[in-house]
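Source file final20.cif; content: mmCIF, C-alpha atoms and all ligand atoms.
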```cif
data_entry
loop_
_atom_site.label_atom_id
_atom_site.label_comp_id
_atom_site.auth_asym_id
_atom_site.auth_seq_id
_atom_site.Cartn_x
_atom_site.Cartn_y
_atom_site.Cartn_z
CA MET A 656 151.72 83.94 106.72
CA SER A 657 150.86 87.22 108.37
CA ALA A 658 152.00 88.15 111.87
CA SER A 659 148.46 87.53 113.16
CA ASP A 660 148.80 83.88 112.13
CA GLU A 661 151.62 83.33 114.61
CA ASN A 662 150.91 80.88 117.44
CA ARG A 663 147.76 79.64 115.74
CA LYS A 664 147.09 75.93 115.46
CA PHE A 665 144.87 74.13 112.98
CA SER A 666 144.17 70.41 113.25
CA VAL A 667 141.90 67.71 111.92
CA ASP A 668 141.30 64.23 113.31
CA LEU A 669 139.71 60.90 112.77
CA ASP A 670 139.67 59.79 116.39
CA GLY A 671 142.35 57.30 117.33
CA ARG A 672 143.49 56.91 113.75
CA ASP A 673 144.55 59.93 111.74
CA HIS A 674 145.74 63.39 112.70
CA ILE A 675 147.09 66.39 110.78
CA GLU A 676 148.23 69.54 112.54
CA VAL A 677 149.65 72.87 111.37
CA ARG A 678 151.22 75.30 113.85
CA MET A 679 151.90 78.88 112.88
CA ASP A 680 154.51 79.60 115.55
CA GLY A 681 157.15 81.17 113.39
CA VAL A 682 157.94 82.16 109.85
CA THR A 683 157.62 78.61 108.57
CA PRO A 684 154.45 76.68 109.50
CA LYS A 685 155.15 73.36 111.22
CA VAL A 686 153.17 70.44 109.82
CA GLN A 687 152.79 67.13 111.65
CA PHE A 688 150.72 64.15 110.59
CA ARG A 689 150.26 60.55 111.60
CA GLY A 690 147.85 57.82 110.65
CA CYS A 691 147.14 55.10 108.17
CA THR A 692 149.12 54.35 105.02
CA GLU A 693 146.54 56.10 102.83
CA LEU A 694 146.88 59.37 104.76
CA MET A 695 150.68 59.18 104.82
CA GLU A 696 150.83 58.56 101.06
CA LEU A 697 148.40 61.41 100.36
CA MET A 698 150.35 63.89 102.52
CA GLN A 699 153.73 62.86 101.14
CA GLY A 700 152.45 62.90 97.56
CA MET A 701 150.87 66.34 97.93
CA ARG A 702 154.02 67.74 99.54
CA LYS A 703 156.14 66.33 96.74
CA SER A 704 153.80 67.74 94.06
CA PHE A 705 152.86 71.10 95.58
CA GLY A 706 155.51 72.04 98.16
CA VAL A 707 155.43 72.62 101.91
CA ASP A 708 152.82 75.41 102.11
CA LEU A 709 149.50 73.63 102.74
CA GLN A 710 147.52 76.80 102.08
CA ALA A 711 148.72 76.70 98.49
CA TRP A 712 147.79 73.04 98.00
CA PRO A 713 144.79 72.28 95.79
CA VAL A 714 141.67 71.20 97.67
CA PRO A 715 141.26 67.41 97.35
CA ARG A 716 137.87 66.50 95.87
CA GLY A 717 137.63 62.83 96.82
CA ALA A 718 135.49 61.03 99.41
CA SER A 719 138.16 58.96 101.14
CA HIS A 720 138.68 59.75 104.82
CA SER A 721 142.17 61.09 104.08
CA GLU A 722 140.94 63.48 101.40
CA ILE A 723 138.03 64.61 103.59
CA LEU A 724 140.42 65.40 106.45
CA LEU A 725 142.94 67.20 104.25
CA ARG A 726 140.13 69.17 102.58
CA GLU A 727 138.95 70.35 106.01
CA LEU A 728 142.45 71.39 106.99
CA ILE A 729 143.18 73.34 103.80
CA LEU A 730 139.81 75.11 103.99
CA LYS A 731 140.45 75.97 107.65
CA LEU A 732 143.86 77.40 106.75
CA ARG A 733 142.24 79.52 104.04
CA GLY A 734 139.40 80.63 106.35
CA GLU A 735 136.86 78.92 104.08
CA TRP A 736 135.69 76.13 106.41
CA LYS A 737 131.96 76.67 107.10
CA TYR A 738 130.66 73.51 108.73
CA PRO A 739 126.84 73.67 108.64
CA TYR A 740 125.98 72.26 112.05
CA GLN A 741 127.41 73.89 115.18
CA ALA A 742 125.27 72.54 118.06
CA ALA A 743 126.87 70.02 120.40
CA GLU A 744 124.10 67.45 119.94
CA VAL A 745 122.38 66.59 116.66
CA CYS A 746 119.95 63.84 117.65
CA HIS A 747 118.08 64.72 120.83
CA CYS A 748 116.01 61.52 120.92
CA ARG A 749 119.14 59.33 121.06
CA ASN A 750 121.49 61.94 122.54
CA VAL A 751 123.98 61.63 119.71
CA PRO A 752 126.66 64.36 119.68
CA CYS A 753 127.63 66.20 116.51
CA HIS A 754 131.18 64.90 116.87
CA THR A 755 130.03 61.25 116.83
CA ILE A 756 128.06 61.73 113.62
CA ASP A 757 130.80 63.74 111.97
CA GLN A 758 133.43 61.12 112.73
CA ALA A 759 131.20 58.39 111.30
CA ILE A 760 130.81 60.44 108.10
CA VAL A 761 134.56 61.04 107.81
CA ALA A 762 135.17 57.31 108.32
CA GLY A 763 132.86 56.41 105.43
CA ALA A 764 129.18 56.66 106.49
CA HIS A 765 128.00 58.69 103.49
CA THR A 766 124.22 58.10 103.65
CA THR A 767 121.76 58.88 106.44
CA GLU A 768 120.93 55.16 106.64
CA VAL A 769 124.53 54.17 107.34
CA VAL A 770 124.96 57.02 109.83
CA SER A 771 121.81 55.81 111.62
CA ARG A 772 123.07 52.22 111.74
CA GLN A 773 126.45 53.25 113.12
CA THR A 774 125.41 55.96 115.58
CA SER A 775 121.64 55.40 116.24
CA ALA A 776 120.96 59.01 115.18
CA SER A 777 117.64 59.53 113.36
CA THR A 778 116.20 56.24 114.61
CA ALA A 779 113.28 57.74 116.58
CA CYS A 780 111.30 60.84 115.49
CA GLY A 781 113.56 61.53 112.48
CA THR A 782 113.60 65.30 113.01
CA CYS A 783 117.40 65.32 112.94
CA ARG A 784 117.69 63.50 109.61
CA PRO A 785 117.91 66.71 107.48
CA ASP A 786 120.74 67.94 109.70
CA VAL A 787 122.58 64.64 109.26
CA GLN A 788 122.04 64.94 105.51
CA LYS A 789 123.47 68.48 105.55
CA MET A 790 126.52 67.26 107.46
CA ILE A 791 127.09 64.48 104.92
CA GLN A 792 126.72 66.89 102.00
CA TYR A 793 129.16 69.36 103.48
CA ARG A 794 131.73 66.70 104.22
CA LEU A 795 131.50 65.36 100.66
CA GLN A 796 131.10 68.62 98.70
CA GLY A 797 131.35 71.57 101.05
CA GLY A 798 133.87 74.24 100.27
CA LEU A 799 134.61 72.92 96.80
CA GLU A 800 132.50 75.54 95.04
CA GLU A 801 134.08 78.33 97.07
CA ALA A 802 137.49 76.90 96.36
CA SER A 803 136.70 76.56 92.68
CA GLY A 804 135.40 80.13 92.54
CA GLN A 805 138.40 81.66 94.23
CA ARG A 806 141.20 79.51 92.97
CA PRO A 807 140.14 77.68 89.83
CA ALA A 808 143.68 76.73 88.97
CA GLU A 809 144.25 75.21 92.38
CA ARG A 810 141.49 72.63 92.50
CA ALA A 811 142.87 69.14 92.71
CA GLU A 812 141.46 66.69 90.23
CA PRO A 813 141.99 62.93 90.30
CA GLY A 814 145.48 62.26 89.09
CA ASP A 815 146.93 65.46 90.57
CA TRP A 816 148.40 63.48 93.44
CA PRO A 817 149.52 59.89 93.87
CA GLN A 818 146.54 57.56 94.14
CA LYS A 819 146.36 54.65 96.54
CA LYS A 820 148.10 51.69 95.01
CA SER A 821 145.78 48.85 94.03
CA ALA A 822 146.43 45.55 95.74
S1 LIG B 901 115.98 64.01 117.08
FE1 LIG B 901 116.99 62.36 116.11
S2 LIG B 901 115.50 60.81 115.98
FE2 LIG B 901 114.49 62.42 117.03
#
```

Let me see whether you can do it: turn the structure in this file into structure tokens.
Ligand code: FES
Amino acid sequence: MSASDENRKFSVDLDGRDHIEVRMDGVTPKVQFRGCTELMELMQGMRKSFGVDLQAWPVPRGASHSEILLRELILKLRGEWKYPYQAAEVCHCRNVPCHTIDQAIVAGAHTTEVVSRQTSASTACGTCRPDVQKMIQYRLQGGLEEASGQRPAERAEPGDWPQKKSA
């Protein structure tokens, strides 16, 4: 980490459920995380496989909420996070904030139809539907091409970290 990284904080959340935070307040970044069993197993497995420096971890490619959150955090740490929708509100007909739609996507709403059912976005004029689609696409695929271009050896493929145990 460079000196300019000191006192910087990066975090990702699934509201009320999962949280990962990295603080650059010294030589060694401090990493804290809490949440469901899936997230804990992913974080512990990645740390065991790839060490304590999250910036050097491969970018997870999966669509589970834990992998989506960790992907966001790693891309933020690398300065490669480019979320496509920055306005506070996405759906003006139903007054649905960006954050509400994004959290639904992270939690598993991966089509515009499911996002509409869960948040009521895109259920009137439909003008916001392409933005919702862009948000879904970025959450599921965004940053992976950049990561693959810059660090081909560091992309995580299925099997690179412990998978969720089947019941
Ligand atoms: S802006 Fe979302 S339905 Fe009209």

Within-10 Å residues of ligand LIG 901 (chain B), basis all atoms listed in the file, as a PyMOL selection string: chain A and resi 744-751+771+775-787

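We find CA of Trp736 (chain A) and CA of Trp712 (chain A) to be spaced 15.1 Å apart.
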
Across A:Glu735, A:Asp680, A:Asp757, A:Glu727, the smallest distance to Ser666 (chain A), with only C-alpha atoms counted, is shown by A:Glu727

Please report the interatomic distance between CA of His674 (chain A) and CA of Ile729 (chain A) in Å with one decimal. 13.6 Å

CA of Ala764 (chain A) to CA of Tyr738 (chain A), straight-line distance in Å: 17.1 Å

Given the point (131.8, 64.1, 100.2) in the file's coordinates, find the residues that have an atom at most 9 Å from it, counting all atoms listed in the file, and give them as a PDB file with C-alpha atoms, in the coordinates of the input.
```pdb
ATOM      1  CA  ARG A 716     137.870  66.500  95.870  1.00  0.00           C
ATOM      2  CA  GLY A 717     137.630  62.830  96.820  1.00  0.00           C
ATOM      3  CA  ALA A 718     135.490  61.030  99.410  1.00  0.00           C
ATOM      4  CA  SER A 719     138.160  58.960 101.140  1.00  0.00           C
ATOM      5  CA  ILE A 723     138.030  64.610 103.590  1.00  0.00           C
ATOM      6  CA  ILE A 760     130.810  60.440 108.100  1.00  0.00           C
ATOM      7  CA  VAL A 761     134.560  61.040 107.810  1.00  0.00           C
ATOM      8  CA  HIS A 765     128.000  58.690 103.490  1.00  0.00           C
ATOM      9  CA  ILE A 791     127.090  64.480 104.920  1.00  0.00           C
ATOM     10  CA  GLN A 792     126.720  66.890 102.000  1.00  0.00           C
ATOM     11  CA  TYR A 793     129.160  69.360 103.480  1.00  0.00           C
ATOM     12  CA  ARG A 794     131.730  66.700 104.220  1.00  0.00           C
ATOM     13  CA  LEU A 795     131.500  65.360 100.660  1.00  0.00           C
ATOM     14  CA  GLN A 796     131.100  68.620  98.700  1.00  0.00           C
ATOM     15  CA  GLY A 797     131.350  71.570 101.050  1.00  0.00           C
TER      16      GLY A 797
END
```

Mind checking which residues fall within 12 Å of Asp670 (chain A), counting only C-alpha atoms, ignoring those fewer than 4 positions away in the same chain, and posting them as a PyMOL selection string? chain A and resi 666+674-675+689-690+720+724+754-755+757-759+761-762
